[in-house]
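J.: The following block contains the structure, expressed as structure tokens.
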Amino acid sequence: NFKFCDMDYSFSNAVTLSIEWQEIIPTSLIKYYEKKNGFYFTNEEKDFYSNKIIKDIAVFR
């Protein structure tokens with residue numbers, strides 16, 4: 001799940017982009033990037049996810 005909101009607001013009213021991947025991504029890799037980048041999406045993460053195949057996407061608030 002990726003949450004999007006203005007920096008000045010909390011995540012309680014954020015828009016959530018939920019992605020289901022074709023193949024499971026190990027939780028340890030996901031947590032590595034979360035901790036390393038403080039939950040901000042970086043170019044390094046973009047490169048990591050860019051070669052993964054998406055099975056389904058949902059967007060909700």
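Chain labels follow the order of the structure tokens: the first chain is A, the next B, and so on; residue numbering restarts at 1 in every chain, and ligands are counted from 1 in their shown order.
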Identify all residues of stretch 29-59 of chain A in strand (DSSP E or B) (DSSP on the backbone) and supply them as a PyMOL selection string.

T.: chain A and resi 54-59

J.: Run DSSP on the backbone and tell me which residues of chain A come out as helix (DSSP H, G or I); list them as a ChimeraX atom specification.

T.: /A:11-13,27-37,43-50

J.: Ranking A:Ile24, A:Leu29, A:Ile19, A:Val59 by minimum distance to A:Phe4 and counting only C-alpha atoms, which one comes first?

T.: A:Val59

J.: With only C-alpha atoms as the basis for distance, which of A:Lys36, A:Lys55, A:Arg61, A:Lys46 is at the shortest distance from A:Glu23?

T.: A:Lys55
